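Listing of data-v5.txt, compact mmCIF, C-alpha atoms (C1' of nucleotides)
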```txt
# COMPACT_ATOMS: atom_id res chain seq x y z
CA MET A 22 -12.80 -54.35 -61.27
CA GLY A 23 -11.53 -57.59 -62.39
CA ARG A 24 -13.55 -60.64 -62.40
CA SER A 25 -11.13 -62.26 -64.78
CA GLU A 26 -8.17 -60.09 -64.09
CA LYS A 27 -7.81 -61.84 -60.83
CA ARG A 28 -5.59 -64.45 -62.31
CA LEU A 29 -3.38 -61.78 -63.73
CA LEU A 30 -2.59 -60.51 -60.28
CA HIS A 31 -0.73 -63.71 -59.56
CA GLY A 32 2.76 -62.85 -58.49
CA THR A 33 2.23 -59.14 -58.88
CA LEU A 34 0.58 -58.32 -55.60
CA ASP A 35 3.77 -58.74 -53.62
CA THR A 36 5.56 -56.23 -55.77
CA LEU A 37 2.67 -53.78 -55.56
CA VAL A 38 2.70 -53.99 -51.80
CA LEU A 39 6.43 -53.41 -51.64
CA LYS A 40 6.08 -50.43 -53.91
CA THR A 41 3.29 -48.99 -51.81
CA LEU A 42 5.51 -49.16 -48.76
CA SER A 43 8.38 -47.49 -50.55
CA HIS A 44 6.42 -44.28 -49.98
CA GLY A 45 6.55 -44.86 -46.27
CA GLU A 46 5.10 -46.94 -43.48
CA ARG A 47 1.46 -47.94 -43.85
CA HIS A 48 -0.98 -50.35 -42.26
CA GLY A 49 -2.55 -53.22 -44.16
CA TYR A 50 -5.93 -51.71 -44.74
CA ALA A 51 -4.35 -48.51 -46.02
CA ILE A 52 -2.12 -50.43 -48.42
CA ALA A 53 -5.13 -52.03 -50.05
CA ARG A 54 -7.04 -48.76 -50.31
CA TRP A 55 -4.01 -46.97 -51.73
CA ILE A 56 -3.49 -49.50 -54.51
CA GLU A 57 -7.14 -49.44 -55.44
CA GLU A 58 -7.39 -45.71 -55.46
CA ARG A 59 -4.13 -45.33 -57.32
CA THR A 60 -5.36 -47.60 -60.12
CA ASP A 61 -8.87 -46.18 -60.28
CA GLU A 62 -10.20 -49.46 -58.96
CA ALA A 63 -8.67 -51.32 -61.89
CA ILE A 64 -6.97 -53.48 -59.29
CA LEU A 65 -8.96 -54.62 -56.31
CA VAL A 66 -7.05 -55.93 -53.35
CA GLU A 67 -8.99 -58.61 -51.52
CA GLU A 68 -8.22 -59.02 -47.87
CA GLY A 69 -7.91 -62.74 -48.33
CA SER A 70 -5.01 -62.05 -50.66
CA LEU A 71 -3.52 -59.10 -48.86
CA TYR A 72 -3.00 -60.44 -45.38
CA PRO A 73 -1.37 -63.68 -46.46
CA ALA A 74 0.85 -61.62 -48.73
CA LEU A 75 1.93 -59.38 -45.89
CA TYR A 76 2.68 -62.39 -43.76
CA ARG A 77 4.65 -63.96 -46.59
CA LEU A 78 6.70 -60.84 -47.17
CA GLU A 79 7.46 -60.37 -43.51
CA LYS A 80 8.53 -63.97 -43.16
CA LYS A 81 10.90 -63.46 -46.07
CA GLY A 82 12.38 -60.48 -44.32
CA LEU A 83 11.20 -57.95 -46.85
CA LEU A 84 8.93 -56.17 -44.38
CA GLU A 85 8.88 -55.33 -40.71
CA SER A 86 5.74 -54.71 -38.71
CA ARG A 87 4.69 -53.01 -35.52
CA TRP A 88 1.35 -52.46 -33.88
CA GLY A 89 0.19 -48.91 -33.69
CA VAL A 90 -2.77 -46.65 -33.99
CA SER A 91 -4.36 -45.58 -37.26
CA GLU A 92 -5.36 -42.10 -38.32
CA LEU A 93 -8.82 -42.88 -36.98
CA ASP A 94 -7.51 -44.02 -33.62
CA ARG A 95 -7.89 -47.69 -34.24
CA ARG A 96 -5.50 -50.50 -33.53
CA ALA A 97 -3.59 -51.23 -36.74
CA LYS A 98 -0.48 -53.09 -37.85
CA PHE A 99 2.04 -50.95 -39.64
CA TYR A 100 4.45 -52.33 -42.17
CA ALA A 101 7.73 -50.90 -43.38
CA LEU A 102 10.22 -51.96 -46.03
CA THR A 103 13.49 -53.51 -44.96
CA ASP A 104 16.68 -53.06 -46.94
CA ARG A 105 16.19 -56.47 -48.44
CA GLY A 106 12.64 -55.50 -49.33
CA ARG A 107 13.85 -52.40 -51.06
CA SER A 108 16.31 -54.36 -53.13
CA VAL A 109 13.77 -57.02 -54.03
CA LEU A 110 11.37 -54.29 -55.04
CA GLU A 111 13.94 -52.99 -57.45
CA SER A 112 14.60 -56.27 -59.17
CA SER A 113 11.01 -57.39 -59.30
CA THR A 114 10.00 -54.08 -60.78
CA GLU A 115 12.48 -54.65 -63.58
CA GLU A 116 11.16 -58.16 -64.01
CA TRP A 117 7.63 -56.91 -64.32
CA LEU A 118 8.57 -54.30 -66.87
CA ARG A 119 10.45 -56.82 -68.97
CA PHE A 120 7.64 -59.30 -68.76
CA SER A 121 4.86 -56.85 -69.44
CA ASP A 122 6.75 -55.36 -72.37
CA ALA A 123 7.13 -58.83 -73.81
CA VAL A 124 3.46 -59.64 -73.45
CA THR A 125 2.34 -56.30 -74.76
CA SER A 126 4.67 -56.60 -77.72
CA ILE A 127 2.78 -59.70 -78.71
CA LEU A 128 -0.72 -58.61 -77.85
CA ALA A 129 -0.50 -55.07 -79.10
CA PRO A 130 2.49 -54.82 -81.41
CA GLU A 131 3.20 -51.44 -82.90
CA PRO A 132 3.80 -51.68 -86.63
CA MET B 21 14.25 -66.48 -69.21
CA GLY B 22 12.18 -66.24 -66.23
CA ARG B 23 12.95 -68.12 -63.20
CA SER B 24 10.76 -65.80 -61.21
CA GLU B 25 8.67 -64.46 -64.00
CA LYS B 26 6.92 -67.76 -64.13
CA ARG B 27 4.31 -66.66 -61.69
CA LEU B 28 3.62 -63.63 -63.78
CA LEU B 29 2.57 -65.80 -66.67
CA HIS B 30 -0.45 -66.89 -64.70
CA GLY B 31 -3.53 -66.25 -66.76
CA THR B 32 -1.59 -64.70 -69.59
CA LEU B 33 -0.52 -67.79 -71.46
CA ASP B 34 -4.01 -68.48 -72.76
CA THR B 35 -4.20 -65.06 -74.32
CA LEU B 36 -0.75 -65.36 -75.83
CA VAL B 37 -1.70 -68.66 -77.43
CA LEU B 38 -4.89 -67.21 -78.86
CA LYS B 39 -2.96 -64.28 -80.24
CA THR B 40 -0.39 -66.54 -81.82
CA LEU B 41 -3.12 -68.41 -83.62
CA SER B 42 -4.71 -65.23 -84.87
CA HIS B 43 -1.89 -65.22 -87.40
CA GLY B 44 -3.07 -68.56 -88.71
CA GLU B 45 -3.10 -72.24 -87.90
CA ARG B 46 -0.11 -73.63 -86.03
CA HIS B 47 0.84 -76.77 -84.16
CA GLY B 48 1.65 -76.78 -80.46
CA TYR B 49 5.38 -76.94 -80.68
CA ALA B 50 5.41 -74.09 -83.17
CA ILE B 51 3.22 -71.95 -80.93
CA ALA B 52 5.72 -72.26 -78.11
CA ARG B 53 8.69 -71.50 -80.32
CA TRP B 54 6.94 -68.52 -81.88
CA ILE B 55 6.15 -66.90 -78.54
CA GLU B 56 9.68 -67.42 -77.31
CA GLU B 57 11.29 -66.09 -80.43
CA ARG B 58 8.89 -63.17 -80.62
CA THR B 59 9.80 -62.08 -77.10
CA ASP B 60 13.53 -62.70 -77.40
CA GLU B 61 13.22 -65.53 -74.91
CA ALA B 62 11.81 -63.16 -72.32
CA ILE B 63 8.89 -65.56 -72.10
CA LEU B 64 9.61 -69.27 -72.06
CA VAL B 65 6.74 -71.58 -72.77
CA GLU B 66 7.09 -74.85 -70.92
CA GLU B 67 5.41 -77.84 -72.46
CA GLY B 68 3.86 -78.73 -69.15
CA SER B 69 2.03 -75.43 -69.30
CA LEU B 70 1.38 -75.31 -73.00
CA TYR B 71 -0.37 -78.59 -73.63
CA PRO B 72 -2.79 -78.28 -70.72
CA ALA B 73 -3.53 -74.77 -71.94
CA LEU B 74 -4.30 -75.99 -75.44
CA TYR B 75 -6.56 -78.65 -74.06
CA ARG B 76 -8.28 -76.10 -71.85
CA LEU B 77 -8.86 -73.70 -74.71
CA GLU B 78 -10.18 -76.37 -77.00
CA LYS B 79 -12.53 -77.64 -74.33
CA LYS B 80 -13.84 -74.11 -73.96
CA GLY B 81 -14.48 -73.95 -77.68
CA LEU B 82 -11.91 -71.27 -78.37
CA LEU B 83 -9.76 -73.54 -80.52
CA GLU B 84 -10.21 -76.37 -82.96
CA SER B 85 -7.60 -78.99 -83.70
CA ARG B 86 -6.72 -81.47 -86.40
CA TRP B 87 -3.88 -83.88 -86.85
CA GLY B 88 -1.54 -83.13 -89.70
CA VAL B 89 2.05 -83.10 -90.77
CA SER B 90 4.58 -80.48 -89.77
CA GLU B 91 7.00 -78.63 -92.01
CA LEU B 92 9.53 -81.30 -91.13
CA ASP B 93 7.21 -84.13 -92.06
CA ARG B 94 6.33 -85.13 -88.57
CA ARG B 95 2.99 -85.91 -87.07
CA ALA B 96 1.69 -82.75 -85.40
CA LYS B 97 -1.54 -81.37 -84.02
CA PHE B 98 -2.65 -78.13 -85.61
CA TYR B 99 -4.79 -75.61 -83.79
CA ALA B 100 -6.95 -72.86 -85.20
CA LEU B 101 -8.99 -70.08 -83.63
CA THR B 102 -12.76 -70.39 -83.55
CA ASP B 103 -15.03 -67.37 -83.73
CA ARG B 104 -15.51 -67.55 -80.03
CA GLY B 105 -11.78 -67.72 -79.63
CA ARG B 106 -11.35 -64.63 -81.71
CA SER B 107 -13.83 -62.71 -79.63
CA VAL B 108 -12.31 -63.87 -76.35
CA LEU B 109 -8.91 -62.85 -77.64
CA GLU B 110 -10.21 -59.37 -78.19
CA SER B 111 -11.63 -58.92 -74.72
CA SER B 112 -8.77 -60.55 -72.90
CA THR B 113 -6.32 -58.38 -74.76
CA GLU B 114 -8.15 -55.32 -73.51
CA GLU B 115 -8.16 -56.77 -70.03
CA TRP B 116 -4.45 -57.31 -70.15
CA LEU B 117 -3.76 -53.80 -71.35
CA ARG B 118 -5.92 -52.30 -68.62
CA PHE B 119 -4.32 -54.45 -65.99
CA SER B 120 -0.76 -53.95 -67.12
CA ASP B 121 -1.26 -50.20 -67.41
CA ALA B 122 -2.56 -50.15 -63.86
CA VAL B 123 0.40 -52.11 -62.52
CA THR B 124 2.92 -50.13 -64.49
CA SER B 125 1.38 -46.86 -63.36
CA ILE B 126 2.19 -47.88 -59.83
CA LEU B 127 5.56 -49.49 -60.37
CA ALA B 128 6.92 -46.99 -62.85
CA PRO B 129 4.83 -43.85 -62.63
CA GLU B 130 5.74 -41.04 -64.94
CA PRO B 131 6.02 -37.74 -63.16
C1' DC C 18 -32.33 -47.72 -29.06
C1' DG C 19 -31.10 -50.79 -33.00
C1' DA C 20 -29.25 -51.46 -37.52
C1' DT C 21 -25.86 -50.80 -40.62
C1' DC C 22 -21.65 -49.32 -42.48
C1' DA C 23 -16.61 -48.26 -42.36
C1' DT C 24 -12.47 -49.40 -40.29
C1' DG C 25 -9.21 -52.83 -39.09
C1' DC C 26 -7.27 -57.75 -38.61
C1' DC C 27 -7.34 -62.73 -39.56
C1' DT C 28 -8.25 -67.79 -41.25
C1' DT C 29 -10.03 -71.78 -43.72
C1' DG C 30 -10.86 -74.29 -47.86
C1' DA C 31 -11.47 -74.52 -52.67
C1' DC C 32 -9.46 -73.71 -56.97
C1' DA C 33 -6.69 -72.63 -61.01
C1' DG C 34 -2.62 -72.55 -63.52
C1' DT C 35 2.23 -73.27 -63.64
C1' DC C 36 6.23 -76.08 -63.10
C1' DT C 37 9.20 -80.22 -62.70
C1' DA C 38 10.07 -84.38 -64.26
C1' DG C 39 9.09 -87.90 -66.39
C1' DG C 40 7.50 -90.82 -70.72
C1' DC C 41 7.18 -91.83 -75.81
C1' DA C 42 8.53 -91.82 -81.01
C1' DT C 43 11.16 -90.25 -84.99
C1' DC C 44 14.90 -88.29 -87.48
C1' DC C 45 19.49 -86.24 -88.15
C1' DC C 46 24.25 -85.58 -87.23
C1' DG C 47 28.72 -86.29 -85.46
C1' DC D 22 26.23 -95.27 -81.12
C1' DG D 23 24.84 -91.18 -78.55
C1' DG D 24 22.78 -86.92 -78.32
C1' DG D 25 19.98 -83.34 -79.83
C1' DA D 26 15.93 -81.47 -82.08
C1' DT D 27 11.22 -82.22 -83.21
C1' DG D 28 6.74 -83.37 -81.61
C1' DC D 29 3.08 -84.96 -78.17
C1' DC D 30 1.47 -86.00 -73.47
C1' DT D 31 0.73 -86.61 -68.16
C1' DA D 32 1.10 -86.93 -63.00
C1' DG D 33 1.98 -84.55 -58.94
C1' DA D 34 3.60 -80.79 -56.31
C1' DC D 35 3.22 -76.15 -55.47
C1' DT D 36 1.83 -71.46 -55.07
C1' DG D 37 -1.08 -67.68 -54.77
C1' DT D 38 -5.71 -65.98 -55.31
C1' DC D 39 -10.42 -65.91 -53.94
C1' DA D 40 -14.85 -66.46 -51.39
C1' DA D 41 -16.68 -66.58 -47.21
C1' DG D 42 -16.59 -66.55 -42.97
C1' DG D 43 -15.21 -64.54 -38.06
C1' DC D 44 -14.03 -60.76 -34.65
C1' DA D 45 -14.06 -55.89 -32.51
C1' DT D 46 -14.78 -50.91 -32.49
C1' DG D 47 -16.85 -46.50 -33.61
C1' DA D 48 -19.94 -43.51 -36.29
C1' DT D 49 -24.24 -42.52 -38.40
C1' DC D 50 -29.02 -42.68 -39.27
C1' DG D 51 -33.61 -43.86 -38.64
```
Encoded form using structure tokens:
Amino acid sequence: MGRSEKRLLHGTLDTLVLKTLSHGERHGYAIARWIEERTDEAILVEEGSLYPALYRLEKKGLLESRWGVSELDRRAKFYALTDRGRSVLESSTEEWLRFSDAVTSILAPEP
Amino acid sequence: MGRSEKRLLHGTLDTLVLKTLSHGERHGYAIARWIEERTDEAILVEEGSLYPALYRLEKKGLLESRWGVSELDRRAKFYALTDRGRSVLESSTEEWLRFSDAVTSILAPEP
DNA sequence: CGATCATGCCTTGACAGTCTAGGCATCCCG
DNA sequence: CGGGATGCCTAGACTGTCAAGGCATGATCG
């Protein structure tokens, strides 16, 4: 849950989405559910954040989309990583790890 | 450095500032330098982010300030944690750790 | 039958926090 | 003299998140 963690998500959602898709094609709704489940609901993905993010990423050429049918036989838009997306995922993962190490080293330094 | 890490800082700077002051009173400029040095320049604190943050935190009652003289004999504004600030620091540190664990568990899961 | 929930997509508007880019003053050093 | 470091501050643009709404379908339950 994250009333106040919402601000923390800033800039991270894109990377999480890319990572989710690195496991294979998925539709939007499934991406959100996967991230939430995977983090034990520590991160909630609001639709008002998700869909603009998907649009953003596709416009940047990091994702491709196609309309298809979900597991429950509903119309759904499936997204897949492009090569560029895969490479951006790599670098932004490194960035995150560097950044989060830096923050953690200040907030919770080990003696 | 963080050309692109800048977005990641969102919502984290406040906590970093509080943490810095938990080591004792400091003036603004020194807070910025301390965070940068402490993280090997992984996190750069821009003045355009810092001063609004200090103002924000003081307005919320998490900091107190007084004008004084720096180590180099210059006019400088010193900030100190309030009790409320100390307690907010505690909870937002926990929040950060929960959040960053969640993100890292997705981006860099250990098998 | 009607209500409600889950699935699925999307958009609008408000908001918060960061950045860029500027300004100001002092002091030191080459 | 010029430039850099120290020190503070602000205006405006920007970006990404959120809340809150809308839409359509199918299942479930009373």
Inset, instruction - Considering all atoms listed in the file, return as a VMD selection string whatever protein or nucleic-acid residues lie within 9 Å of stretch 46-63 of chain B, sequence-local ones (same chain, fewer than 4 positions apart) excluded. - result: (chain A and resid 119 to 120 122 to 124 126 to 127) or (chain B and resid 21 to 22 25 to 26 29 36 to 37 40 to 41 67 70 to 71 74 85 87 to 88 90 96 to 100) or (chain D and resid 27 to 29)
Find the residues of chain D in contact range of chain B, meaning any atom within 12 Å when counting only C-alpha atoms (C1' of nucleotides), and list them as a compact mmCIF listing (two decimals) with C-alpha atoms (C1' of nucleotides), in the frame of the given file.
```
# COMPACT_ATOMS: atom_id res chain seq x y z
C1' DA D 26 15.93 -81.47 -82.08
C1' DT D 27 11.22 -82.22 -83.21
C1' DG D 28 6.74 -83.37 -81.61
C1' DC D 29 3.08 -84.96 -78.17
C1' DC D 30 1.47 -86.00 -73.47
C1' DT D 31 0.73 -86.61 -68.16
C1' DA D 32 1.10 -86.93 -63.00
C1' DG D 33 1.98 -84.55 -58.94
C1' DC D 35 3.22 -76.15 -55.47
C1' DT D 36 1.83 -71.46 -55.07
C1' DG D 37 -1.08 -67.68 -54.77
C1' DT D 38 -5.71 -65.98 -55.31
```
Inset, instruction - May I have the residues at most 9 Å from (-5.3, -67.7, -67.7) in the file's coordinates, counting only C-alpha atoms (C1' of nucleotides), as number ranges by chain? - result: A: 25-26, 28-29; B: 29-35, 73; C: 33-34
Inset, instruction - Just the residues within 12 Å of D:DG43, please, counting all atoms listed in the file, with nothing from its chain fewer than 3 positions along; format it as a list in words. - result: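 Listed by chain and then number, they are DC26, DC27, DT28 and DT29 of chain C.
The gap separating atom C1' of C:DA31 from atom CA of B:Glu114 is 28.5 Å, in Å to one decimal.
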Legend entry - Test item: residues at most 12 Å from C:DT21, all atoms listed in the file, excluding those fewer than 6 positions along its chain, as number ranges by chain: D: 48-51
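Atom C1' of C:DT43 sits 20.0 Å away from atom CA of B:Arg86.
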Inset, instruction - Skip C:DG30 itself and residues of its chain fewer than 3 positions away, then list as a list in words all residues within 12 Å of it, counting all atoms listed in the file. - result: Gly69 of chain A; DC39, DA40, DA41 and DG42 of chain D
Just stretch 22-40 of chain D, please, as a PDB file, in the first residue's frame (only C-alpha atoms (C1' of nucleotides)).
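Result file selection-v6.pdb:
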```pdb
ATOM      1  C1'  DC D  22      40.980  41.815 -12.824  1.00  0.00           C
ATOM      2  C1'  DG D  23      38.551  37.464 -13.500  1.00  0.00           C
ATOM      3  C1'  DG D  24      36.982  33.292 -11.901  1.00  0.00           C
ATOM      4  C1'  DG D  25      35.816  30.050  -8.568  1.00  0.00           C
ATOM      5  C1'  DA D  26      33.996  28.652  -4.127  1.00  0.00           C
ATOM      6  C1'  DT D  27      30.847  29.724  -0.534  1.00  0.00           C
ATOM      7  C1'  DG D  28      26.236  30.800   0.720  1.00  0.00           C
ATOM      8  C1'  DC D  29      21.168  32.038  -0.046  1.00  0.00           C
ATOM      9  C1'  DC D  30      17.031  32.487  -2.956  1.00  0.00           C
ATOM     10  C1'  DT D  31      13.259  32.394  -6.804  1.00  0.00           C
ATOM     11  C1'  DA D  32      10.474  31.983 -11.166  1.00  0.00           C
ATOM     12  C1'  DG D  33       8.905  29.045 -14.593  1.00  0.00           C
ATOM     13  C1'  DA D  34       8.839  24.907 -17.151  1.00  0.00           C
ATOM     14  C1'  DC D  35       8.280  20.211 -16.988  1.00  0.00           C
ATOM     15  C1'  DT D  36       7.166  15.558 -15.859  1.00  0.00           C
ATOM     16  C1'  DG D  37       4.856  11.884 -13.864  1.00  0.00           C
ATOM     17  C1'  DT D  38       1.552  10.447 -10.467  1.00  0.00           C
ATOM     18  C1'  DC D  39      -3.051  10.354  -8.743  1.00  0.00           C
ATOM     19  C1'  DA D  40      -8.147  10.712  -8.205  1.00  0.00           C
TER      20       DA D  40
END
```
